[in-house]
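Below is upload_6.txt, which holds compact mmCIF, C-alpha atoms.
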# COMPACT_ATOMS: atom_id res chain seq x y z
CA MET A 174 0.00 0.00 0.00
CA LYS A 175 1.33 3.44 -0.93
CA PRO A 176 2.05 5.95 1.91
CA ARG A 177 -0.51 8.40 0.51
CA GLN A 178 -3.24 5.76 0.50
CA LYS A 179 -2.32 4.73 4.02
CA THR A 180 -2.57 8.34 5.21
CA THR A 181 -5.96 8.72 3.54
CA MET A 182 -7.28 5.60 5.24
CA VAL A 183 -6.03 6.73 8.65
CA ALA A 184 -7.58 10.18 8.16
CA SER A 185 -10.89 8.65 7.09
CA ALA A 186 -10.88 6.35 10.11
CA CYS A 187 -10.22 9.32 12.40
CA LEU A 188 -13.11 11.25 10.83
CA ILE A 189 -15.47 8.33 11.29
CA LEU A 190 -14.40 7.93 14.91
CA SER A 191 -14.88 11.68 15.52
CA LEU A 192 -18.38 11.61 14.06
CA ALA A 193 -19.25 8.56 16.11
CA ALA A 194 -17.84 10.20 19.23
CA SER A 195 -19.85 13.38 18.62
CA SER A 196 -23.03 11.36 18.16
CA PHE A 197 -22.29 9.46 21.37
CA LEU A 198 -21.59 12.66 23.26
CA LEU A 199 -24.78 14.35 22.08
CA HIS A 200 -26.76 11.27 23.11
CA ARG A 201 -25.03 11.25 26.47
CA ILE A 202 -25.68 14.96 27.06
CA ASP A 203 -29.29 14.71 25.87
CA ARG A 204 -29.85 12.02 28.51
CA LEU A 205 -28.71 14.54 31.13
CA ARG A 206 -31.37 17.05 30.09
CA PRO A 207 -34.21 17.65 32.56
CA GLN A 208 -37.30 15.82 31.39
CA GLY A 209 -40.73 17.41 31.25
CA ALA A 210 -39.45 20.98 31.08
CA ALA A 211 -40.68 23.56 28.61
CA ASP A 212 -39.36 23.25 25.06
CA ASP A 213 -37.42 26.50 25.34
CA ALA A 214 -35.38 25.15 28.26
CA LEU A 215 -34.65 21.56 27.17
CA PHE A 216 -30.87 21.57 27.42
CA LEU A 217 -28.14 21.31 30.02
CA SER A 218 -27.04 24.88 30.78
CA SER A 219 -23.83 24.42 32.76
CA PRO A 220 -20.67 24.86 30.62
CA LYS A 221 -18.63 22.95 33.22
CA VAL A 222 -20.94 19.94 33.14
CA ILE A 223 -20.92 19.97 29.32
CA GLN A 224 -17.14 20.16 29.33
CA ARG A 225 -16.84 17.15 31.66
CA ALA A 226 -19.29 15.22 29.51
CA SER A 227 -17.35 16.01 26.33
CA LEU A 228 -14.59 13.53 27.29
CA GLY A 229 -11.88 15.83 25.98
CA TYR A 230 -13.56 16.67 22.67
CA ASP A 231 -13.96 20.33 23.67
CA GLY A 232 -13.29 21.77 20.22
CA LEU A 233 -15.66 19.38 18.52
CA MET A 234 -18.39 20.04 21.07
CA ALA A 235 -17.89 23.80 20.72
CA CYS A 236 -18.59 23.51 16.99
CA ILE A 237 -21.67 21.39 17.68
CA TYR A 238 -23.05 23.85 20.22
CA TRP A 239 -22.27 26.79 17.95
CA THR A 240 -24.27 25.03 15.24
CA ARG A 241 -27.10 24.52 17.70
CA ALA A 242 -27.03 28.24 18.61
CA VAL A 243 -27.23 29.26 14.95
CA GLN A 244 -30.06 26.81 14.26
CA TYR A 245 -31.94 27.89 17.38
CA PHE A 246 -31.68 31.58 16.51
CA GLY A 247 -32.48 31.01 12.84
CA PHE A 248 -35.58 28.96 13.58
CA ARG A 249 -37.01 31.41 16.13
CA HIS A 250 -36.08 34.43 14.03
CA HIS A 251 -37.83 32.91 11.01
CA TYR A 252 -41.06 32.62 13.01
CA PHE A 253 -40.71 36.14 14.54
CA ALA A 254 -40.22 34.86 18.08
CA THR A 255 -40.03 37.47 20.85
CA SER A 256 -38.03 35.33 23.30
CA TYR A 257 -34.73 33.50 22.89
CA ASN A 258 -34.23 31.90 26.29
CA GLN A 259 -31.71 29.32 25.11
CA LEU A 260 -29.54 31.62 23.02
CA ALA A 261 -27.27 33.20 25.64
CA PRO A 262 -26.61 29.89 27.47
CA LEU A 263 -25.86 28.14 24.16
CA LEU A 264 -23.33 30.84 23.29
CA GLU A 265 -21.80 30.68 26.77
CA ILE A 266 -21.38 26.91 26.48
CA THR A 267 -19.83 27.31 23.03
CA THR A 268 -17.27 29.90 24.11
CA HIS A 269 -16.36 28.10 27.33
CA LEU A 270 -15.69 24.94 25.36
CA ASP A 271 -13.59 26.89 22.86
CA PRO A 272 -12.71 30.40 24.12
CA HIS A 273 -10.97 31.19 20.81
CA LEU A 274 -13.91 30.49 18.51
CA MET A 275 -14.13 34.09 17.32
CA VAL A 276 -17.16 33.59 15.09
CA ALA A 277 -19.24 32.77 18.17
CA TYR A 278 -18.47 36.17 19.70
CA GLU A 279 -18.89 38.16 16.50
CA PHE A 280 -22.15 36.66 15.25
CA GLY A 281 -23.38 35.67 18.70
CA THR A 282 -23.38 39.33 19.67
CA SER A 283 -25.39 40.28 16.59
CA PHE A 284 -27.91 37.61 17.60
CA LEU A 285 -28.14 38.68 21.23
CA ALA A 286 -28.00 42.47 21.28
CA PRO A 287 -30.66 43.83 18.84
CA LYS A 288 -34.25 44.09 19.92
CA PRO A 289 -36.81 41.57 18.60
CA PRO A 290 -37.58 40.71 15.87
CA HIS A 291 -33.99 41.33 14.76
CA GLY A 292 -32.42 39.73 17.82
CA ALA A 293 -32.92 38.54 21.37
CA GLY A 294 -32.95 42.03 22.90
CA GLU A 295 -30.34 41.10 25.50
CA PRO A 296 -27.50 43.64 25.13
CA GLU A 297 -26.30 42.98 28.68
CA ARG A 298 -25.74 39.30 27.86
CA ALA A 299 -23.98 40.35 24.65
CA ILE A 300 -21.68 42.57 26.73
CA GLU A 301 -20.92 39.68 29.11
CA LEU A 302 -20.13 37.45 26.14
CA LEU A 303 -17.75 40.00 24.60
CA GLN A 304 -16.08 40.81 27.90
CA TYR A 305 -15.36 37.10 28.35
CA GLY A 306 -14.05 37.00 24.79
CA ILE A 307 -11.71 39.94 25.45
CA GLN A 308 -10.48 38.26 28.62
CA GLN A 309 -9.66 35.12 26.65
CA ASN A 310 -8.42 36.92 23.53
CA PRO A 311 -6.81 40.18 24.70
CA ASP A 312 -5.09 40.77 21.33
CA SER A 313 -8.32 40.87 19.32
CA TRP A 314 -9.21 44.50 18.60
CA LYS A 315 -12.34 43.35 16.77
CA LEU A 316 -13.92 42.28 20.07
CA TYR A 317 -13.44 45.81 21.43
CA TYR A 318 -15.00 47.11 18.22
CA ASP A 319 -18.06 44.88 18.67
CA LEU A 320 -18.36 45.74 22.36
CA GLY A 321 -18.17 49.47 21.67
CA PHE A 322 -20.96 49.19 19.15
CA VAL A 323 -23.23 47.38 21.62
CA TYR A 324 -22.77 50.26 24.07
CA TYR A 325 -23.37 52.76 21.27
CA MET A 326 -26.18 51.22 19.23
CA GLU A 327 -28.17 49.33 21.85
CA LEU A 328 -27.58 51.15 25.15
CA HIS A 329 -26.70 54.63 23.82
CA ASP A 330 -23.96 54.78 26.42
CA TYR A 331 -21.52 57.02 24.58
CA LYS A 332 -19.08 57.28 27.46
CA LYS A 333 -18.57 53.51 27.75
CA ALA A 334 -18.47 53.22 23.97
CA ALA A 335 -15.69 55.82 23.87
CA GLU A 336 -13.74 54.06 26.63
CA THR A 337 -14.09 50.70 24.86
CA PHE A 338 -12.98 51.99 21.46
CA GLU A 339 -10.07 53.79 23.10
CA ARG A 340 -8.90 50.61 24.89
CA GLY A 341 -9.22 48.67 21.67
CA SER A 342 -7.15 51.24 19.77
CA HIS A 343 -4.13 50.28 21.89
CA VAL A 344 -4.29 46.59 20.96
CA PRO A 345 -1.41 45.61 18.63
CA ASN A 346 -2.35 46.00 14.95
CA ALA A 347 -5.70 47.58 15.82
CA HIS A 348 -7.43 49.36 12.97
CA PRO A 349 -6.68 53.12 13.21
CA PHE A 350 -10.38 53.94 12.83
CA LEU A 351 -10.91 52.83 16.43
CA LYS A 352 -9.37 56.13 17.54
CA VAL A 353 -11.84 57.96 15.31
CA LEU A 354 -14.75 56.05 16.84
CA ALA A 355 -13.47 56.70 20.37
CA ALA A 356 -13.31 60.43 19.71
CA GLN A 357 -16.77 60.49 18.13
CA MET A 358 -18.31 58.72 21.11
CA ALA A 359 -16.62 61.08 23.58
CA GLN A 360 -17.99 64.00 21.56
CA HIS A 361 -21.50 62.50 21.66
CA ALA A 362 -21.16 62.15 25.42
CA GLY A 363 -20.38 65.85 25.73
CA GLU A 364 -16.90 65.23 27.14
CA TYR A 365 -15.15 68.02 25.30
CA GLU A 366 -11.68 67.68 26.79
CA THR A 367 -11.60 63.92 26.25
CA ALA A 368 -12.89 64.28 22.70
CA ARG A 369 -10.38 67.03 21.95
CA MET A 370 -7.54 64.88 23.24
CA LEU A 371 -8.67 61.87 21.20
CA TRP A 372 -9.18 63.83 17.99
CA SER A 373 -5.78 65.45 18.42
CA ALA A 374 -4.18 62.04 18.91
CA THR A 375 -6.01 60.77 15.83
CA TYR A 376 -4.67 63.65 13.76
CA GLN A 377 -1.12 63.16 15.01
CA THR A 378 -0.98 59.40 14.50
CA ALA A 379 -3.10 58.90 11.35
CA GLN A 380 -1.36 58.19 8.07
CA ASP A 381 -4.44 58.54 5.92
CA ALA A 382 -5.07 62.11 4.67
CA GLN A 383 -8.85 61.69 4.84
CA ILE A 384 -8.71 60.63 8.49
CA LYS A 385 -6.49 63.64 9.26
CA GLU A 386 -8.95 66.00 7.54
CA ASN A 387 -11.82 64.35 9.41
CA ALA A 388 -10.01 64.91 12.73
CA VAL A 389 -9.46 68.61 11.95
CA GLU A 390 -13.12 69.12 11.11
CA HIS A 391 -14.19 67.42 14.33
CA LEU A 392 -11.81 69.58 16.37
CA ARG A 393 -13.37 72.68 14.79
CA ALA A 394 -16.84 71.32 15.54
CA LEU A 395 -15.86 70.67 19.15
CA ARG A 396 -14.89 74.31 19.56
CA VAL A 397 -18.26 75.38 18.14
CA ASP A 398 -20.26 72.98 20.33
CA GLU A 399 -18.45 74.16 23.45
CA ASP A 400 -18.88 77.83 22.55
CA VAL A 401 -22.59 77.45 21.82
CA GLU A 402 -23.19 75.53 25.04
CA HIS A 403 -21.46 78.20 27.14
CA LEU A 404 -23.30 81.02 25.34
CA GLN A 405 -26.64 79.28 25.77
CA GLN A 406 -25.94 79.01 29.49
CA ALA A 407 -25.15 82.73 29.47
CA VAL A 408 -28.54 83.45 27.85
CA THR A 409 -30.21 81.53 30.69
CA ARG A 410 -28.28 83.52 33.30
CA PHE A 411 -29.20 86.80 31.58
CA GLY A 412 -32.89 85.86 31.62
CA GLU A 413 -32.76 84.92 35.31
CA ARG A 414 -31.18 88.28 36.17
CA THR A 415 -33.27 90.57 33.98
CA GLY A 416 -36.48 88.70 33.27
CA ARG A 417 -35.99 89.06 29.52
CA LEU A 418 -33.81 87.75 26.70
CA PRO A 419 -30.75 89.66 25.52
CA ALA A 420 -31.46 91.80 22.46
CA SER A 421 -28.26 90.79 20.68
CA ILE A 422 -25.11 88.72 21.00
CA ALA A 423 -23.27 91.99 21.76
CA GLU A 424 -25.53 92.72 24.73
CA LEU A 425 -25.00 89.18 25.96
CA ALA A 426 -21.23 89.52 25.63
CA SER A 427 -21.31 92.80 27.55
CA ALA A 428 -23.38 91.26 30.34
CA GLU A 429 -20.86 88.43 30.61
CA GLY A 430 -17.90 90.81 30.75
CA LEU A 431 -16.47 89.68 27.41
CA SER A 432 -14.23 92.02 25.43
CA GLY A 433 -16.28 91.56 22.27
CA ALA A 434 -18.80 89.41 20.50
CA PRO A 435 -17.68 85.74 20.59
CA VAL A 436 -16.70 84.31 17.21
CA ASP A 437 -16.44 80.81 15.71
CA PRO A 438 -13.11 79.31 14.52
CA ASP A 439 -13.53 81.11 11.17
CA GLY A 440 -13.98 84.49 12.83
CA HIS A 441 -17.73 84.85 12.28
CA ALA A 442 -19.69 86.15 15.26
CA TYR A 443 -22.35 83.82 16.63
CA LYS A 444 -25.90 85.09 16.23
CA LEU A 445 -28.78 85.19 18.67
CA THR A 446 -32.32 84.51 17.44
CA PRO A 447 -35.35 86.36 18.86
CA GLU A 448 -36.22 83.13 20.70
CA GLY A 449 -32.89 83.16 22.52
CA ARG A 450 -31.16 80.46 20.45
CA VAL A 451 -27.43 80.79 19.81
CA GLU A 452 -26.66 79.76 16.23
CA ILE A 453 -23.70 79.46 13.85
CA ARG A 454 -23.75 81.96 10.99
CA VAL A 455 -22.35 79.55 8.36
CA PRO A 456 -23.24 76.00 9.48
CA ASP A 457 -21.91 74.47 6.25
CA ASP A 458 -18.42 75.40 7.45
CA PHE A 459 -18.83 73.10 10.48
CA PRO A 460 -20.42 69.88 9.20
CA PHE A 461 -19.77 67.92 12.41
CA ALA A 462 -21.16 70.50 14.83
CA SER A 463 -24.13 69.30 16.86
CA LYS A 464 -25.07 72.58 18.55
CA GLY A 465 -26.00 75.99 17.19
CA LEU A 466 -27.55 74.60 14.02
CA PRO A 467 -30.71 76.09 12.48
CA PRO A 468 -33.79 73.86 12.93
CA GLY A 469 -33.88 71.12 10.30
CA TYR A 470 -30.31 71.70 9.15
CA LYS A 471 -28.45 68.71 7.67
CA PRO A 472 -24.69 68.57 7.02
CA ALA A 473 -23.31 68.58 3.49
CA PRO A 474 -23.27 65.02 1.98
CA LYS A 475 -19.50 64.96 1.40
CA TYR A 476 -18.87 65.26 5.13
CA HIS A 477 -21.87 63.25 6.25
CA GLN A 478 -20.25 60.18 4.67
CA LEU A 479 -17.10 60.63 6.76
CA GLN A 480 -18.89 60.37 10.08

Can I see the file as structure tokens?
Amino acid sequence: MKPRQKTTMVASACLILSLAASSFLLHRIDRLRPQGAADDALFLSSPKVIQRASLGYDGLMACIYWTRAVQYFGFRHHYFATSYNQLAPLLEITTHLDPHLMVAYEFGTSFLAPKPPHGAGEPERAIELLQYGIQQNPDSWKLYYDLGFVYYMELHDYKKAAETFERGSHVPNAHPFLKVLAAQMAQHAGEYETARMLWSATYQTAQDAQIKENAVEHLRALRVDEDVEHLQQAVTRFGERTGRLPASIAELASAEGLSGAPVDPDGHAYKLTPEGRVEIRVPDDFPFASKGLPPGYKPAPKYHQLQ
């Protein structure tokens, strides 16, 4: 018999044994399931017990349980289910059996976090899953990326999103856009100093000209947002003192003891509407500003795509 044929036969025998072992293990685990329980809870939920029952075939069992998780989600999603009680435990079992099965974290999170009917509506469990994944795979910047987006998209926690993206940006070989995301989240959270620091770091370290330009525009927008917020607070103080709104931005500046009318980074004075709103004179010059914009204003498309 030729060596190549012998190798093929050995490999085939190993495959058959593995399939037989997986079938045996599934049968063994199924026998451990509680009988008479509701259909949505008919499985053994302890990762440790599953691991002991796997008889050393942890990797194989992880693949089997990952397949079960996908099938479970797919079936319930197809029928517009509003509850996914088995999903988080199935993913926890999968990742405890094989902590380096990255697909289980990436797609498992997209199954868990969104609200029904698009997902299980369990962002907290998705966060736990990703935090475990980061603990087991500290060099994976993609897990930080996924975790930051759960905080941002599902919980609207911009501060934690910023902190997560920032931590991820320090992982070796992390995509440079993580710094951009960290700065954007800090800006959304209203943390001007943190956002300014992050955007400055992005500008200084980026190699891509578009990212540098994006950082500059966000720094300019930060200045505008901070100015408008402070001026709007000054309008409130003026009203509390006088019982009326200031007639102009010049009167407001005088009441605040400023040397002149405050101006934006391009040198244009801010304007004050009759309703007491502080606005930018040329909003198109500050496409990333979030304050001082006329009602209904939308940024120019060329910059909107960079956000």

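Candidate residues A:Gln360, A:Gln377, A:Thr409, A:Asn258 were compared for distance to A:Phe461, and the nearest is A:Gln360, using all atoms listed in the file.
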
Among the residues A:Gly247, A:Gly321, A:Gly306, A:Pro272, the one that comes closest to A:Gly292 [using all atoms listed in the file] |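 Of A:Gly247, A:Gly321, A:Gly306, A:Pro272, the one nearest A:Gly292, counting all atoms listed in the file, is A:Gly247.
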
Residue with smallest distance to A:Ala286 - pool A:Ile307, A:Tyr318, A:Ile237, A:Glu327, counting all atoms listed in the file |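 Looking only at the distances to A:Ala286, the closest residue turns out to be A:Glu327.
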
Have a look at atom CA of A:Leu233 and atom CA of A:Ile300 and let me know their distance in Å, one decimal.
-> 25.3 Å

Taken to one decimal, the atom CA of A:Glu297-atom CA of A:Lys333 distance is 13.1 Å

Expressed in Å to a single decimal, how great is the separation between atom CA of A:Ala382 and atom CA of A:Leu354?
->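 We find that atom CA of A:Ala382 and atom CA of A:Leu354 lie 16.7 Å from each other.
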
Pick from A:Ala235, A:Ala293, A:Ala356, A:Ala426, whichever lies nearest to A:Leu260 using all atoms listed in the file |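 Among the listed residues, the smallest separation from A:Leu260 belongs to A:Ala293.
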
Up to 10 Å from (-17.9, 74.8, 18.8) in the file's coordinates: name the residues, counting only C-alpha atoms, as a ChimeraX atom specification.
-> /A:365,391-403,436-438,453,459,461-465

Quick one: everything within 10 Å of A:Gly341, counting only C-alpha atoms, minus sequence neighbours fewer than 6 positions away in the same chain. Send it as a ChimeraX atom specification.
-> /A:307,311-318,320-321,335,347-349,351-352,355

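Ranking A:Tyr331, A:Tyr443, A:Trp372, A:Phe350 by their shortest atom-to-atom distance to A:Ala423, with all atoms listed in the file included, puts A:Tyr443 first.
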
Could you name the residues that touch A:Asp271 at 12 Å or less, counting all atoms listed in the file, but leaving out those on the same chain fewer than 3 positions away, as a list in words?
->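 Counting all atoms listed in the file, the residues come to Pro220, Ile223, Gln224, Gly229, Tyr230, Asp231, Gly232, Leu233, Met234, Ala235, Cys236, Ile237, Tyr238, Trp239, Leu264, Glu265, Ile266, Thr267, Thr268, Leu274, Met275, Val276, Ala277, Tyr278, Tyr305, Gly306, Gln309 and Asn310 of chain A.
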
Find the residue from A:His441, A:His343, A:Arg249, A:His361 that sits nearest to A:Asp330; use only C-alpha atoms when measuring.
->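 Closest to A:Asp330, using only C-alpha atoms: A:His361.
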